[in-house]
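Single-structure report; data block below.
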Amino acid sequence: MREKIRNAALELFDKYGYHHTGIRKIAEKADCSLPTLYYHYQSKELLFDKVVCDAFEQMSQSIDEQIPEGLPLKETMYYMVMQRQMLAPAEKLVFRVAMKVQLGFDGSDQTQLRIRRWVDDYFDETRIRLLETYRDEVFCRIALRVLDQMLQRTSLGDHELTDEIVRDELELLFSLVE
C-alpha cells in the first residue's frame with residue numbers, strides 16, 4: 001500500500017503541484033482510505049518529503065556512485081548528465097518534481113531549502129575539483145552553470161538534449177581552458 005500511495009502522490013504532485021494536491025485526492029488515486037494514508041505518512045508535508053526529497057537524494061547519490069572514479073572532469077560531468085537521461089520513468093518523475101522544488105515553483109519553504117542545500121553541497125564537490133584542476137574561478141562558475149542547466153533540462157524531460165549535444169557542449173567548454 002505504501003508504494004501505491006507513493007506512486008499516486010508523485011503523479012499528483014507532478015501534475016498539480018504540492019499546494020494544489022490534496023491528501024484526499026492522493027488517497028483516492030491510491031485507492032486507500034485516509035486513515036490508511038495517515039498510517040503510512042502522518043501528513044502531506046511528510047509524504048512530500050519522503051517521496052520527493054528523500055527519493056531525490058538517494059537516487060542522486062546512487063547515480064553518482066556508479067560513475068567510474070578517476071575520470072577527467074569533462075567525462076565525469078558527461079556521466080552526471082547522461083545517467084539521468086537513462087533513468088526509468090518513475091525515477092525521472094522524482095527528479096522532475098525535485099527540480100520544480102529546487103527552482104522554487106513547488107514545495108514548501110522547508111522542502112525548497114532542503115533540496116537547494118543538497119544541490120549546493122552536490123555542486124560544491126564539483127566546484128572544488130574544477131578549482132583544483134583549472135584554478136580559474138570564472139571558468140568554474142561557467143562550467144557549473146552549464147552542468148546545472150544540463151541537469152535541469154534532463155530532469156524536466158528535454159528529449160532534445162542528446163548524447164551528441166552534451167558531448168559537444170562539454171568539449172567546447174573544456175577547450176577554453178585546455
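Ordered as shown in the C-alpha cells, chains take letters A, B, and onward, while each chain numbers its residues from 1 and ligands are numbered from 1 in the order shown.
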>> Need the shell around range 6-18 of chain A: protein/DNA/RNA residues with any atom at most 12 Å away, counting only C-alpha atoms. Skip same-chain ones fewer than 2 positions apart. Format as a PyMOL selection string?
In response: chain A and resi 1-4+20-32+37+40-41+44-56+89-101+104-109+111-112+156
Same residues, C-alpha atoms, saved as a compact mmCIF listing (two decimals), in the first residue's frame:
```txt
# COMPACT_ATOMS: atom_id res chain seq x y z
CA MET A 1 0.00 0.00 0.00
CA ARG A 2 2.89 2.34 0.83
CA GLU A 3 4.15 2.04 -2.76
CA LYS A 4 0.68 2.75 -4.20
CA HIS A 20 -2.88 22.00 -5.30
CA THR A 21 -2.71 18.33 -4.38
CA GLY A 22 -4.95 17.44 -1.50
CA ILE A 23 -4.40 14.49 0.78
CA ARG A 24 -7.89 13.21 -0.09
CA LYS A 25 -7.02 13.27 -3.78
CA ILE A 26 -3.90 11.21 -3.06
CA ALA A 27 -5.87 8.66 -1.03
CA GLU A 28 -8.47 8.43 -3.78
CA LYS A 29 -5.85 7.89 -6.52
CA ALA A 30 -4.07 5.30 -4.35
CA ASP A 31 -7.43 3.62 -3.71
CA CYS A 32 -7.00 3.73 0.06
CA LEU A 37 -2.72 7.01 4.16
CA HIS A 40 1.92 5.34 6.39
CA TYR A 41 2.51 9.11 6.15
CA LYS A 44 1.12 15.77 3.35
CA GLU A 45 4.37 17.54 4.24
CA LEU A 46 5.99 14.30 5.45
CA LEU A 47 4.66 12.43 2.43
CA PHE A 48 6.15 15.04 0.07
CA ASP A 49 9.42 14.99 1.98
CA LYS A 50 9.68 11.19 1.75
CA VAL A 51 8.54 10.64 -1.83
CA VAL A 52 10.35 13.63 -3.31
CA CYS A 53 13.22 14.87 -1.15
CA ASP A 54 14.41 11.56 0.29
CA ALA A 55 14.00 9.77 -3.04
CA PHE A 56 15.81 12.55 -4.92
CA PRO A 89 10.09 6.91 -15.98
CA ALA A 90 9.26 6.68 -12.24
CA GLU A 91 12.76 7.89 -11.36
CA LYS A 92 12.54 10.75 -13.87
CA LEU A 93 9.28 11.74 -12.21
CA VAL A 94 11.06 12.14 -8.85
CA PHE A 95 13.78 14.26 -10.48
CA ARG A 96 11.24 16.41 -12.31
CA VAL A 97 9.28 17.18 -9.13
CA ALA A 98 12.52 17.80 -7.20
CA MET A 99 13.71 20.16 -9.94
CA LYS A 100 10.46 22.14 -9.67
CA VAL A 101 11.11 22.40 -5.93
CA GLY A 104 11.11 27.47 -6.38
CA PHE A 105 8.00 26.52 -8.37
CA ASP A 106 6.73 23.94 -5.92
CA GLY A 107 7.00 22.52 -2.44
CA SER A 108 7.03 24.17 0.93
CA ASP A 109 9.69 26.62 2.05
CA THR A 111 11.45 21.37 1.16
CA GLN A 112 12.80 24.10 -1.14
CA LEU A 156 12.46 18.35 -16.86
```
> Interatomic distance between CA of Gln83 in chain A and CA of Glu178 in chain A?
Replying inline: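 CA of Glu178 in chain A lies 25.3 Å from CA of Gln83 in chain A.
Residue nearest Val146 in chain A, chosen from A:Pro72, A:Asp121, A:Glu164, A:Met77 and counting only C-alpha atoms: A:Met77.
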> Which residue, A:Gln61, A:Trp118, A:Asp158, A:Leu144, has the smallest gap to Lys74 in chain A when you use only C-alpha atoms?
Replying inline: A:Leu144
> What separation in Å, quoted to one decimal, exists between CA of Glu160 in chain A and CA of Gln85 in chain A?
Replying inline: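 Straight-line distance from CA of Glu160 in chain A to CA of Gln85 in chain A works out to 10.8 Å.
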Where in chain A does DSSP assign helix (DSSP H, G or I), given as an mmCIF file with C-alpha atoms, in the first residue's frame?
```cif
data_model
loop_
_atom_site.group_PDB
_atom_site.id
_atom_site.type_symbol
_atom_site.label_atom_id
_atom_site.label_comp_id
_atom_site.auth_asym_id
_atom_site.auth_seq_id
_atom_site.Cartn_x
_atom_site.Cartn_y
_atom_site.Cartn_z
ATOM 1 C CA ARG A 2 2.887 2.340 0.828
ATOM 2 C CA GLU A 3 4.146 2.035 -2.757
ATOM 3 C CA LYS A 4 0.685 2.750 -4.203
ATOM 4 C CA ILE A 5 0.424 5.867 -2.064
ATOM 5 C CA ARG A 6 3.928 6.931 -3.092
ATOM 6 C CA ASN A 7 3.219 6.493 -6.806
ATOM 7 C CA ALA A 8 -0.150 8.248 -6.603
ATOM 8 C CA ALA A 9 1.361 11.142 -4.669
ATOM 9 C CA LEU A 10 4.242 11.582 -7.124
ATOM 10 C CA GLU A 11 1.914 11.643 -10.114
ATOM 11 C CA LEU A 12 -0.375 14.184 -8.473
ATOM 12 C CA PHE A 13 2.465 16.361 -7.164
ATOM 13 C CA ASP A 14 3.924 16.409 -10.668
ATOM 14 C CA LYS A 15 0.612 17.211 -12.342
ATOM 15 C CA TYR A 16 -0.922 19.657 -9.860
ATOM 16 C CA ILE A 23 -4.402 14.487 0.782
ATOM 17 C CA ARG A 24 -7.892 13.206 -0.091
ATOM 18 C CA LYS A 25 -7.024 13.275 -3.783
ATOM 19 C CA ILE A 26 -3.897 11.207 -3.064
ATOM 20 C CA ALA A 27 -5.870 8.663 -1.029
ATOM 21 C CA GLU A 28 -8.471 8.435 -3.784
ATOM 22 C CA LYS A 29 -5.855 7.889 -6.517
ATOM 23 C CA LEU A 34 -7.484 8.472 4.704
ATOM 24 C CA PRO A 35 -6.646 6.536 7.900
ATOM 25 C CA THR A 36 -4.546 4.132 5.835
ATOM 26 C CA LEU A 37 -2.715 7.006 4.164
ATOM 27 C CA TYR A 38 -2.123 8.687 7.516
ATOM 28 C CA TYR A 39 -0.894 5.390 8.951
ATOM 29 C CA HIS A 40 1.915 5.344 6.388
ATOM 30 C CA LYS A 44 1.117 15.773 3.347
ATOM 31 C CA GLU A 45 4.368 17.537 4.235
ATOM 32 C CA LEU A 46 5.988 14.305 5.447
ATOM 33 C CA LEU A 47 4.656 12.432 2.425
ATOM 34 C CA PHE A 48 6.149 15.039 0.069
ATOM 35 C CA ASP A 49 9.416 14.992 1.979
ATOM 36 C CA LYS A 50 9.676 11.193 1.755
ATOM 37 C CA VAL A 51 8.542 10.642 -1.825
ATOM 38 C CA VAL A 52 10.346 13.634 -3.309
ATOM 39 C CA CYS A 53 13.223 14.875 -1.152
ATOM 40 C CA ASP A 54 14.415 11.562 0.288
ATOM 41 C CA ALA A 55 13.996 9.768 -3.039
ATOM 42 C CA PHE A 56 15.814 12.551 -4.921
ATOM 43 C CA GLU A 57 18.779 12.488 -2.552
ATOM 44 C CA GLN A 58 19.029 8.683 -2.537
ATOM 45 C CA MET A 59 18.767 8.375 -6.309
ATOM 46 C CA SER A 60 21.270 11.173 -6.911
ATOM 47 C CA GLN A 61 23.761 9.537 -4.604
ATOM 48 C CA SER A 62 23.210 6.140 -6.207
ATOM 49 C CA ILE A 63 23.680 7.583 -9.698
ATOM 50 C CA ASP A 64 26.907 9.313 -8.730
ATOM 51 C CA GLU A 65 28.286 6.190 -7.071
ATOM 52 C CA LEU A 73 36.117 16.219 -15.094
ATOM 53 C CA LYS A 74 34.673 16.545 -18.587
ATOM 54 C CA GLU A 75 33.819 12.821 -18.610
ATOM 55 C CA THR A 76 32.504 12.923 -15.053
ATOM 56 C CA MET A 77 30.157 15.762 -15.975
ATOM 57 C CA TYR A 78 29.083 13.864 -19.094
ATOM 58 C CA TYR A 79 28.173 10.834 -16.969
ATOM 59 C CA MET A 80 26.335 13.009 -14.462
ATOM 60 C CA VAL A 81 24.022 14.201 -17.228
ATOM 61 C CA MET A 82 23.665 11.038 -19.285
ATOM 62 C CA GLN A 83 22.927 8.744 -16.348
ATOM 63 C CA ARG A 84 19.959 10.952 -15.525
ATOM 64 C CA GLN A 85 18.836 10.729 -19.160
ATOM 65 C CA PRO A 89 10.091 6.910 -15.979
ATOM 66 C CA ALA A 90 9.259 6.683 -12.243
ATOM 67 C CA GLU A 91 12.760 7.895 -11.357
ATOM 68 C CA LYS A 92 12.537 10.749 -13.871
ATOM 69 C CA LEU A 93 9.283 11.744 -12.206
ATOM 70 C CA VAL A 94 11.064 12.142 -8.855
ATOM 71 C CA PHE A 95 13.782 14.256 -10.480
ATOM 72 C CA ARG A 96 11.237 16.414 -12.306
ATOM 73 C CA VAL A 97 9.279 17.182 -9.128
ATOM 74 C CA ALA A 98 12.522 17.804 -7.195
ATOM 75 C CA MET A 99 13.707 20.162 -9.938
ATOM 76 C CA LYS A 100 10.464 22.138 -9.671
ATOM 77 C CA VAL A 101 11.115 22.401 -5.932
ATOM 78 C CA GLN A 102 14.729 23.482 -6.464
ATOM 79 C CA ASP A 109 9.695 26.622 2.054
ATOM 80 C CA GLN A 110 11.245 23.815 4.091
ATOM 81 C CA THR A 111 11.452 21.373 1.157
ATOM 82 C CA GLN A 112 12.799 24.096 -1.139
ATOM 83 C CA LEU A 113 15.525 24.850 1.376
ATOM 84 C CA ARG A 114 16.337 21.163 1.810
ATOM 85 C CA ILE A 115 16.636 20.490 -1.942
ATOM 86 C CA ARG A 116 18.625 23.680 -2.555
ATOM 87 C CA ARG A 117 21.072 22.830 0.246
ATOM 88 C CA TRP A 118 21.533 19.337 -1.121
ATOM 89 C CA VAL A 119 22.123 20.641 -4.659
ATOM 90 C CA ASP A 120 24.529 23.309 -3.379
ATOM 91 C CA ASP A 121 26.530 20.672 -1.492
ATOM 92 C CA TYR A 122 26.485 18.471 -4.592
ATOM 93 C CA PHE A 123 27.855 21.264 -6.769
ATOM 94 C CA ASP A 124 30.429 22.258 -4.131
ATOM 95 C CA GLU A 125 32.211 18.940 -4.628
ATOM 96 C CA THR A 126 32.386 19.510 -8.387
ATOM 97 C CA ARG A 127 33.410 23.139 -7.867
ATOM 98 C CA ILE A 128 36.315 22.066 -5.647
ATOM 99 C CA ARG A 129 37.509 19.568 -8.261
ATOM 100 C CA LEU A 130 37.219 22.185 -11.002
ATOM 101 C CA LEU A 131 39.192 24.746 -8.994
ATOM 102 C CA GLU A 132 41.886 22.227 -8.052
ATOM 103 C CA THR A 133 42.327 21.268 -11.697
ATOM 104 C CA TYR A 134 41.870 24.550 -13.575
ATOM 105 C CA GLU A 137 37.092 30.904 -10.768
ATOM 106 C CA VAL A 138 35.305 32.292 -13.835
ATOM 107 C CA PHE A 139 35.670 29.009 -15.700
ATOM 108 C CA CYS A 140 34.387 27.124 -12.648
ATOM 109 C CA ARG A 141 31.274 29.304 -12.422
ATOM 110 C CA ILE A 142 30.554 28.852 -16.131
ATOM 111 C CA ALA A 143 31.178 25.092 -16.014
ATOM 112 C CA LEU A 144 28.832 24.695 -13.045
ATOM 113 C CA ARG A 145 26.130 26.755 -14.783
ATOM 114 C CA VAL A 146 26.428 24.583 -17.879
ATOM 115 C CA LEU A 147 26.215 21.423 -15.763
ATOM 116 C CA ASP A 148 23.266 22.760 -13.763
ATOM 117 C CA GLN A 149 21.433 23.757 -16.934
ATOM 118 C CA MET A 150 22.001 20.324 -18.479
ATOM 119 C CA LEU A 151 20.803 18.562 -15.324
ATOM 120 C CA GLN A 152 17.721 20.788 -15.216
ATOM 121 C CA ARG A 153 16.928 20.091 -18.861
ATOM 122 C CA THR A 154 17.362 16.372 -18.257
ATOM 123 C CA SER A 155 15.211 16.413 -15.141
ATOM 124 C CA ASP A 163 24.366 12.460 -26.166
ATOM 125 C CA GLU A 164 25.974 14.364 -29.050
ATOM 126 C CA ILE A 165 24.838 17.767 -27.746
ATOM 127 C CA VAL A 166 26.103 17.016 -24.235
ATOM 128 C CA ARG A 167 29.482 15.898 -25.576
ATOM 129 C CA ASP A 168 29.774 18.874 -27.962
ATOM 130 C CA GLU A 169 28.927 21.447 -25.309
ATOM 131 C CA LEU A 170 31.293 19.947 -22.743
ATOM 132 C CA GLU A 171 34.032 19.640 -25.378
ATOM 133 C CA LEU A 172 33.659 23.312 -26.291
ATOM 134 C CA LEU A 173 33.555 24.381 -22.667
ATOM 135 C CA PHE A 174 36.685 22.493 -21.648
ATOM 136 C CA SER A 175 38.556 23.522 -24.797
#
```
> If you measure from CA of Met86 in chain A to CA of Pro68 in chain A, what distance in Å do you get, rounded to one decimal?
Replying inline: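 Spanning CA of Met86 in chain A to CA of Pro68 in chain A is a straight-line distance of 16.4 Å.
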> When distances are computed from only C-alpha atoms, which of A:His19, A:Gln42, A:Arg135, A:Ser33 shows the smallest separation from Val177 in chain A?
Replying inline: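 Looking only at the distances to Val177 in chain A, the closest residue turns out to be A:Arg135.
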